[in-house]
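The data block below is query-v8.cif; it holds mmCIF, C-alpha atoms.
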data_structure
loop_
_atom_site.label_atom_id
_atom_site.label_comp_id
_atom_site.auth_asym_id
_atom_site.auth_seq_id
_atom_site.Cartn_x
_atom_site.Cartn_y
_atom_site.Cartn_z
CA MET R 12 60.77 -30.27 -54.48
CA GLU R 13 61.56 -27.41 -52.16
CA GLU R 14 58.34 -25.68 -53.22
CA THR R 15 56.35 -28.82 -52.39
CA ASN R 16 57.93 -29.05 -48.95
CA MET R 17 57.25 -25.37 -48.39
CA ASN R 18 53.58 -25.77 -49.28
CA ARG R 19 53.35 -28.78 -47.00
CA PHE R 20 54.91 -26.79 -44.16
CA LYS R 21 52.46 -23.94 -44.74
CA GLY R 22 49.56 -26.39 -44.67
CA ILE R 23 50.75 -27.89 -41.40
CA ALA R 24 51.24 -24.41 -39.92
CA LEU R 25 47.75 -23.35 -40.97
CA THR R 26 46.21 -26.50 -39.56
CA PHE R 27 48.08 -25.99 -36.30
CA SER R 28 46.89 -22.38 -36.12
CA LEU R 29 43.29 -23.40 -36.69
CA VAL R 30 43.57 -26.06 -33.99
CA CYS R 31 44.99 -23.46 -31.61
CA VAL R 32 42.14 -21.04 -32.37
CA VAL R 33 39.52 -23.76 -31.77
CA VAL R 34 41.22 -24.82 -28.56
CA TRP R 35 41.46 -21.15 -27.45
CA LEU R 36 37.79 -20.54 -28.21
CA ALA R 37 36.80 -23.69 -26.39
CA GLY R 38 38.95 -22.76 -23.44
CA CYS R 39 37.65 -19.18 -23.40
CA ALA R 40 34.16 -20.39 -22.76
CA GLY R 41 35.24 -20.13 -19.16
CA CYS R 42 36.38 -16.53 -19.61
CA ASN R 43 32.78 -15.41 -19.16
CA PRO R 44 31.19 -17.97 -16.82
CA PRO R 45 27.62 -17.51 -15.58
CA PRO R 46 27.15 -15.73 -12.24
CA LEU R 47 26.76 -17.74 -9.05
CA PRO R 48 24.46 -15.80 -6.68
CA SER R 49 24.40 -17.04 -3.09
CA GLY R 50 22.43 -14.43 -1.13
CA MET R 51 20.41 -11.22 -1.13
CA THR R 52 19.64 -8.49 1.40
CA PRO R 53 17.12 -7.20 2.19
CA THR R 54 14.54 -9.75 1.08
CA SER R 55 11.53 -7.44 1.27
CA GLY R 56 10.53 -3.88 0.40
CA PRO R 57 7.56 -1.67 -0.46
CA GLU R 58 5.39 -2.37 -3.48
CA THR R 59 6.33 1.03 -4.88
CA GLY R 60 9.84 -0.27 -5.63
CA GLY R 61 13.14 1.53 -5.11
CA THR R 62 14.52 -0.73 -2.37
CA LEU R 63 18.32 -0.91 -2.57
CA VAL R 64 19.16 -4.62 -2.80
CA LYS R 65 22.59 -6.24 -2.45
CA ILE R 66 23.23 -9.59 -4.13
CA THR R 67 26.31 -11.58 -3.13
CA GLY R 68 27.97 -14.50 -4.88
CA GLU R 69 30.74 -15.18 -7.39
CA ASP R 70 31.69 -14.47 -10.99
CA PHE R 71 29.71 -11.27 -11.46
CA ASP R 72 30.75 -9.51 -14.69
CA ILE R 73 32.57 -6.32 -13.66
CA LYS R 74 33.60 -5.38 -17.19
CA ASN R 75 30.30 -5.76 -19.05
CA GLY R 76 27.82 -5.59 -16.21
CA VAL R 77 24.92 -7.83 -15.25
CA ILE R 78 21.16 -8.05 -15.80
CA VAL R 79 18.91 -8.42 -12.74
CA THR R 80 15.17 -9.12 -12.93
CA PHE R 81 12.37 -9.46 -10.37
CA ASP R 82 9.70 -11.73 -11.84
CA GLY R 83 10.86 -10.59 -15.25
CA LYS R 84 10.89 -6.86 -14.41
CA SER R 85 14.26 -5.18 -14.82
CA ALA R 86 15.99 -3.79 -11.74
CA GLN R 87 17.23 -0.20 -11.87
CA ASN R 88 20.59 1.45 -11.13
CA ILE R 89 22.55 -1.81 -11.27
CA ASN R 90 26.13 -1.58 -10.06
CA VAL R 91 28.86 -4.26 -9.97
CA PRO R 92 31.55 -3.07 -7.54
CA SER R 93 33.24 -6.47 -7.44
CA GLU R 94 33.00 -10.03 -8.74
CA THR R 95 31.26 -10.99 -5.51
CA GLN R 96 28.70 -8.19 -5.14
CA VAL R 97 25.92 -6.52 -7.13
CA THR R 98 23.66 -3.69 -5.99
CA CYS R 99 20.42 -2.61 -7.63
CA GLU R 100 17.03 -1.03 -6.96
CA ALA R 101 14.00 -3.31 -6.95
CA PRO R 102 11.25 -2.45 -9.47
CA ALA R 103 7.66 -1.90 -8.38
CA GLY R 104 5.64 -5.00 -7.57
CA THR R 105 2.41 -6.22 -5.99
CA ALA R 106 1.91 -6.10 -2.24
CA GLY R 107 1.71 -9.54 -0.67
CA GLN R 108 3.54 -11.30 -3.49
CA GLU R 109 7.06 -12.72 -3.67
CA ALA R 110 9.24 -12.17 -6.73
CA THR R 111 11.84 -14.56 -8.11
CA VAL R 112 15.13 -12.71 -8.61
CA LYS R 113 17.41 -13.74 -11.47
CA ILE R 114 20.82 -12.50 -12.57
CA SER R 115 22.92 -12.99 -15.72
CA ASN R 116 26.24 -11.70 -17.04
CA LYS R 117 26.10 -9.39 -20.06
CA GLY R 118 29.50 -10.67 -21.23
CA GLN R 119 28.02 -14.04 -22.22
CA PRO R 120 26.63 -14.32 -25.76
CA GLU R 121 22.95 -13.40 -25.69
CA ASP R 122 21.83 -16.72 -27.16
CA LYS R 123 23.84 -18.61 -24.54
CA ARG R 124 23.32 -16.24 -21.61
CA GLU R 125 22.48 -18.14 -18.45
CA GLN R 126 20.08 -16.66 -15.91
CA LYS R 127 20.82 -17.80 -12.41
CA THR R 128 18.21 -17.63 -9.65
CA VAL R 129 19.00 -15.96 -6.33
CA PRO R 130 18.22 -18.43 -3.47
CA GLN R 131 15.88 -16.02 -1.68
CA LYS R 132 12.73 -14.43 -3.06
CA PHE R 133 11.88 -10.74 -2.67
CA ALA R 134 8.62 -10.04 -0.81
CA TYR R 135 6.65 -6.90 -1.66
CA THR R 136 5.01 -5.16 1.29
CA ASP R 137 1.98 -2.87 1.40
CA ALA R 138 2.98 0.78 1.06
CA THR R 139 -0.37 2.25 0.01
CA PRO R 140 -2.38 4.24 2.59
CA PRO R 141 -6.07 3.38 3.08
CA GLU R 142 -8.85 5.43 1.53
CA VAL R 143 -12.42 6.05 2.68
CA THR R 144 -14.88 4.57 0.18
CA THR R 145 -18.28 5.09 1.83
CA THR R 146 -19.84 6.46 5.00
CA ASP R 147 -23.18 5.89 6.71
CA PRO R 148 -24.80 8.40 6.79
CA SER R 149 -23.31 9.52 3.50
CA GLY R 150 -21.77 12.95 3.03
CA ASN R 151 -24.31 15.79 2.73
CA GLU R 152 -27.18 13.41 3.45
CA THR R 153 -30.32 14.83 5.08
CA ILE R 154 -32.15 12.49 7.42
CA SER R 155 -35.83 13.35 7.59
CA GLU R 156 -37.47 10.16 8.78
CA TYR R 157 -37.27 9.14 12.42
CA GLU R 158 -39.56 8.18 15.29
CA ASP R 159 -38.14 10.30 18.08
CA SER R 160 -36.55 13.68 17.39
CA MET R 161 -34.47 13.38 20.54
CA GLN R 162 -33.18 9.90 19.76
CA VAL R 163 -32.62 9.81 16.02
CA MET R 164 -29.35 7.84 15.99
CA ASN R 165 -26.27 7.24 18.08
CA SER R 166 -23.76 5.71 15.65
CA LEU R 167 -22.20 6.17 12.24
CA SER R 168 -19.76 4.11 10.16
CA ILE R 169 -16.82 4.70 7.87
CA THR R 170 -15.77 2.07 5.32
CA PHE R 171 -12.29 1.88 3.77
CA ASN R 172 -10.89 0.18 0.68
CA GLU R 173 -8.90 -2.25 2.83
CA ALA R 174 -8.69 -3.62 6.36
CA VAL R 175 -7.77 -1.00 8.96
CA ASN R 176 -6.81 -0.86 12.62
CA ALA R 177 -9.62 0.79 14.59
CA GLY R 178 -7.22 1.46 17.47
CA THR R 179 -5.31 4.05 15.44
CA GLY R 180 -6.11 7.61 14.48
CA SER R 181 -9.30 9.36 15.46
CA VAL R 182 -12.93 9.97 14.54
CA PHE R 183 -13.92 13.48 15.67
CA VAL R 184 -17.63 14.38 15.63
CA THR R 185 -19.07 17.83 16.27
CA SER R 186 -22.39 19.61 16.14
CA GLY R 187 -21.91 23.34 15.90
CA THR R 188 -19.21 24.14 18.43
CA SER R 189 -19.91 21.10 20.61
CA GLU R 190 -17.93 17.87 20.43
CA ILE R 191 -19.91 14.64 20.42
CA SER R 192 -18.11 12.21 22.69
CA GLY R 193 -18.01 8.52 21.84
CA LYS R 194 -15.80 5.59 20.91
CA ALA R 195 -14.58 4.24 17.57
CA THR R 196 -14.41 0.45 17.20
CA GLY R 197 -14.46 -1.95 14.31
CA SER R 198 -12.97 -4.83 12.38
CA GLY R 199 -12.03 -5.49 8.80
CA ASN R 200 -12.47 -2.44 6.62
CA THR R 201 -15.20 -0.70 8.66
CA ILE R 202 -14.98 1.57 11.70
CA THR R 203 -18.08 2.39 13.74
CA PHE R 204 -18.34 5.47 15.94
CA ALA R 205 -20.77 4.99 18.84
CA ALA R 206 -21.81 8.28 20.43
CA ASP R 207 -22.30 8.50 24.19
CA GLU R 208 -25.60 10.31 23.62
CA TYR R 209 -28.21 10.28 20.90
CA MET R 210 -27.94 12.66 17.98
CA THR R 211 -31.02 14.83 17.74
CA ALA R 212 -33.07 16.44 15.00
CA GLY R 213 -32.43 19.98 13.85
CA ASN R 214 -28.64 19.65 13.85
CA VAL R 215 -25.78 19.34 11.38
CA TYR R 216 -23.10 16.84 12.36
CA SER R 217 -19.54 17.14 11.04
CA ILE R 218 -17.07 14.26 11.10
CA THR R 219 -13.29 14.30 10.64
CA VAL R 220 -11.45 10.98 10.22
CA SER R 221 -7.69 11.27 10.76
CA SER R 222 -4.57 9.07 10.76
CA ILE R 223 -6.37 5.73 10.59
CA GLU R 224 -3.84 3.03 9.67
CA ASP R 225 -4.19 -0.10 7.60
CA THR R 226 -2.87 -3.42 8.90
CA ALA R 227 0.55 -2.67 7.39
CA GLY R 228 0.84 0.61 9.32
CA ASN R 229 0.17 2.99 6.42
CA ALA R 230 -1.85 5.96 7.67
CA LEU R 231 -4.63 7.89 5.95
CA THR R 232 -2.78 10.56 3.97
CA THR R 233 -5.10 13.49 4.66
CA PRO R 234 -8.05 13.84 7.05
CA TYR R 235 -11.35 12.76 5.53
CA LYS R 236 -14.25 15.09 6.30
CA PHE R 237 -17.98 14.75 5.74
CA SER R 238 -21.20 16.01 7.30
CA PHE R 239 -24.89 15.17 7.41
CA THR R 240 -28.05 16.87 8.61
CA ILE R 241 -30.91 15.60 10.73
CA GLN R 242 -33.84 17.64 9.57
CA ALA R 243 -35.81 19.47 12.21
CA PRO R 244 -39.44 18.39 12.59
CA ASP R 245 -42.36 20.73 12.08
CA LYS R 246 -43.35 22.65 15.19
CA VAL R 247 -46.36 21.29 17.06
CA LYS R 248 -49.20 23.27 18.58
CA PHE R 249 -49.97 20.54 21.04
CA TYR R 250 -47.54 18.14 22.66
CA LYS R 251 -48.54 14.83 24.21
CA VAL R 252 -46.67 14.38 27.44
CA ARG R 253 -44.73 11.14 27.74
CA PRO R 254 -43.81 9.22 30.90
CA GLY R 255 -40.73 10.77 32.52
CA ASP R 256 -41.07 14.11 30.69
CA THR R 257 -39.99 17.25 32.48
CA LEU R 258 -40.54 20.85 31.45
CA PRO R 259 -36.87 21.33 30.37
CA ALA R 260 -37.02 18.07 28.41
CA ILE R 261 -40.23 19.07 26.66
CA ALA R 262 -38.94 22.57 25.84
CA SER R 263 -35.70 21.15 24.41
CA ARG R 264 -37.52 18.93 21.92
CA PRO R 265 -37.03 20.19 18.34
CA GLU R 266 -40.72 20.04 17.60
CA VAL R 267 -41.51 22.24 20.63
CA TYR R 268 -38.89 24.97 21.18
CA GLY R 269 -35.59 23.15 20.75
CA ASN R 270 -34.29 25.02 23.80
CA SER R 271 -34.63 23.91 27.40
CA ASP R 272 -34.33 27.52 28.60
CA ARG R 273 -37.80 28.16 27.20
CA GLN R 274 -39.42 25.76 29.65
CA TYR R 275 -41.15 28.69 31.34
CA GLN R 276 -43.11 29.39 28.18
CA LEU R 277 -44.89 26.08 28.44
#
Translate this structure into C-alpha cells?
Amino acid sequence: MEETNMNRFKGIALTFSLVCVVVWLAGCAGCNPPPLPSGMTPTSGPETGGTLVKITGEDFDIKNGVIVTFDGKSAQNINVPSETQVTCEAPAGTAGQEATVKISNKGQPEDKREQKTVPQKFAYTDATPPEVTTTDPSGNETISEYEDSMQVMNSLSITFNEAVNAGTGSVFVTSGTSEISGKATGSGNTITFAADEYMTAGNVYSITVSSIEDTAGNALTTPYKFSFTIQAPDKVKFYKVRPGDTLPAIASRPEVYGNSDRQYQL
C-alpha cells in the first residue's frame, strides 16, 4: 500500500514538473522577443557602402547580437551597445535606389526568427566620378578635308558616360605654346568648347579636360588629355586673291607661307 502511494506521489510530481517545464518554455518565448526598430540615421549614403548607420528602437539582443540587411545584403561591423541602439556599416548598393532595412535578433530560433523593417529606407547616392567616353575630333585624329585652311573649325566636343555640369572644371586648348581662348558650354553628358577664333590648318591642337563634375558633384578623377592634327595643305604656286585679302593675310595662309611676316615675299 505504501509503495502504491509512493508511486502515485512520484507520478504526480513528474506530471507537475512537466507542466512547470511547459509553462516555463511558453513563458520564455518572451525572453527573446523580436526587435522593435523605430528610426535610423542617416538615411542616405554613397553607393560604395561603408556609411555608419545608427538604428534606434527597443529589444535589441545585446547578448547574442542582431542581423541587419539592406535589401537582403548583410550590413558590416554590427554593434549592439544597448537594447535601444544598433550601429552598422551599410553595404554597397546602386546609386539612385532606396534599400529596405530589416533587423532581427540572433537569440530567436532561426526557424522562428522575425525580421522587422526599419520605418525609413536607405537611399544610395552617386559616388562615382564621370569618365570621358568619346571626343570630336577623336584623339590622334588627322583632319585633312576642309574648304578653307584658315577656317577649318572653331569647336570641339567631349562626351561623358553620365550627365555633367558644364559650369565646373575646365577645358584647356593649346596649339604649340599658344592658348586657344573660348568657352565651354553644354547639357546632358556632352560639353562643347567654342573657340573665339577659327582653328587653322598645319597645326596640332592639344586639349586637357580637368575637374568636370557630374550632377552629384563627383569630379573627374584625373585630367583627360587628347590631341588632333589639322593637316597642312599643299603649297600653291599661284594664289587667287579673295575679297578682303591683305598681304599679311595671304602670307599667313598655310598653303602660301603660313607666316604673315613673309608678306614682303609676295
Q: Go through R:Gln242, R:Gln108, R:Gln162, R:Ser115 one by one, measure the shortest atom-to-atom distance of each to Asn75 in chain R using only C-alpha atoms, and give the residue with the smallest value.
A: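 Ranking R:Gln242, R:Gln108, R:Gln162, R:Ser115 by distance to Asn75 in chain R, first place goes to R:Ser115.
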Q) What does the distance from CA of Pro92 in chain R to CA of Gly50 in chain R come to in Å, to one decimal? A)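 These two atoms are separated by 15.9 Å.
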Q: Find the residues around Ala138 in chain R up to 7 Å (all atoms listed in the file counted), leave out those fewer than 4 positions away in its own chain, and share them as number ranges by chain.
A: R: 57-59, 229
Q.
Ranking R:Val184, R:Ala103, R:Ile191, R:Ala205 by minimum distance to Ser166 in chain R and counting only C-alpha atoms, which one comes first?
A.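 The answer is R:Ala205, which sits nearest to Ser166 in chain R.
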Exactly which residues make up the result of the PyMOL selection byres ((chain R and resi 197) around 10) on this file, given as a tab-separated table (two decimals) with C-alpha atoms, in the coordinates of the input?
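Wrote it out as part-v5.tsv, contents follow:
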chain	number	residue	atom	x	y	z
R	168	SER	CA	-19.76	4.11	10.16
R	169	ILE	CA	-16.82	4.70	7.87
R	170	THR	CA	-15.77	2.07	5.32
R	174	ALA	CA	-8.69	-3.62	6.36
R	175	VAL	CA	-7.77	-1.00	8.96
R	176	ASN	CA	-6.81	-0.86	12.62
R	177	ALA	CA	-9.62	0.79	14.59
R	178	GLY	CA	-7.22	1.46	17.47
R	195	ALA	CA	-14.58	4.24	17.57
R	196	THR	CA	-14.41	0.45	17.20
R	198	SER	CA	-12.97	-4.83	12.38
R	199	GLY	CA	-12.03	-5.49	8.80
R	200	ASN	CA	-12.47	-2.44	6.62
R	201	THR	CA	-15.20	-0.70	8.66
R	202	ILE	CA	-14.98	1.57	11.70
R	203	THR	CA	-18.08	2.39	13.74
R	204	PHE	CA	-18.34	5.47	15.94
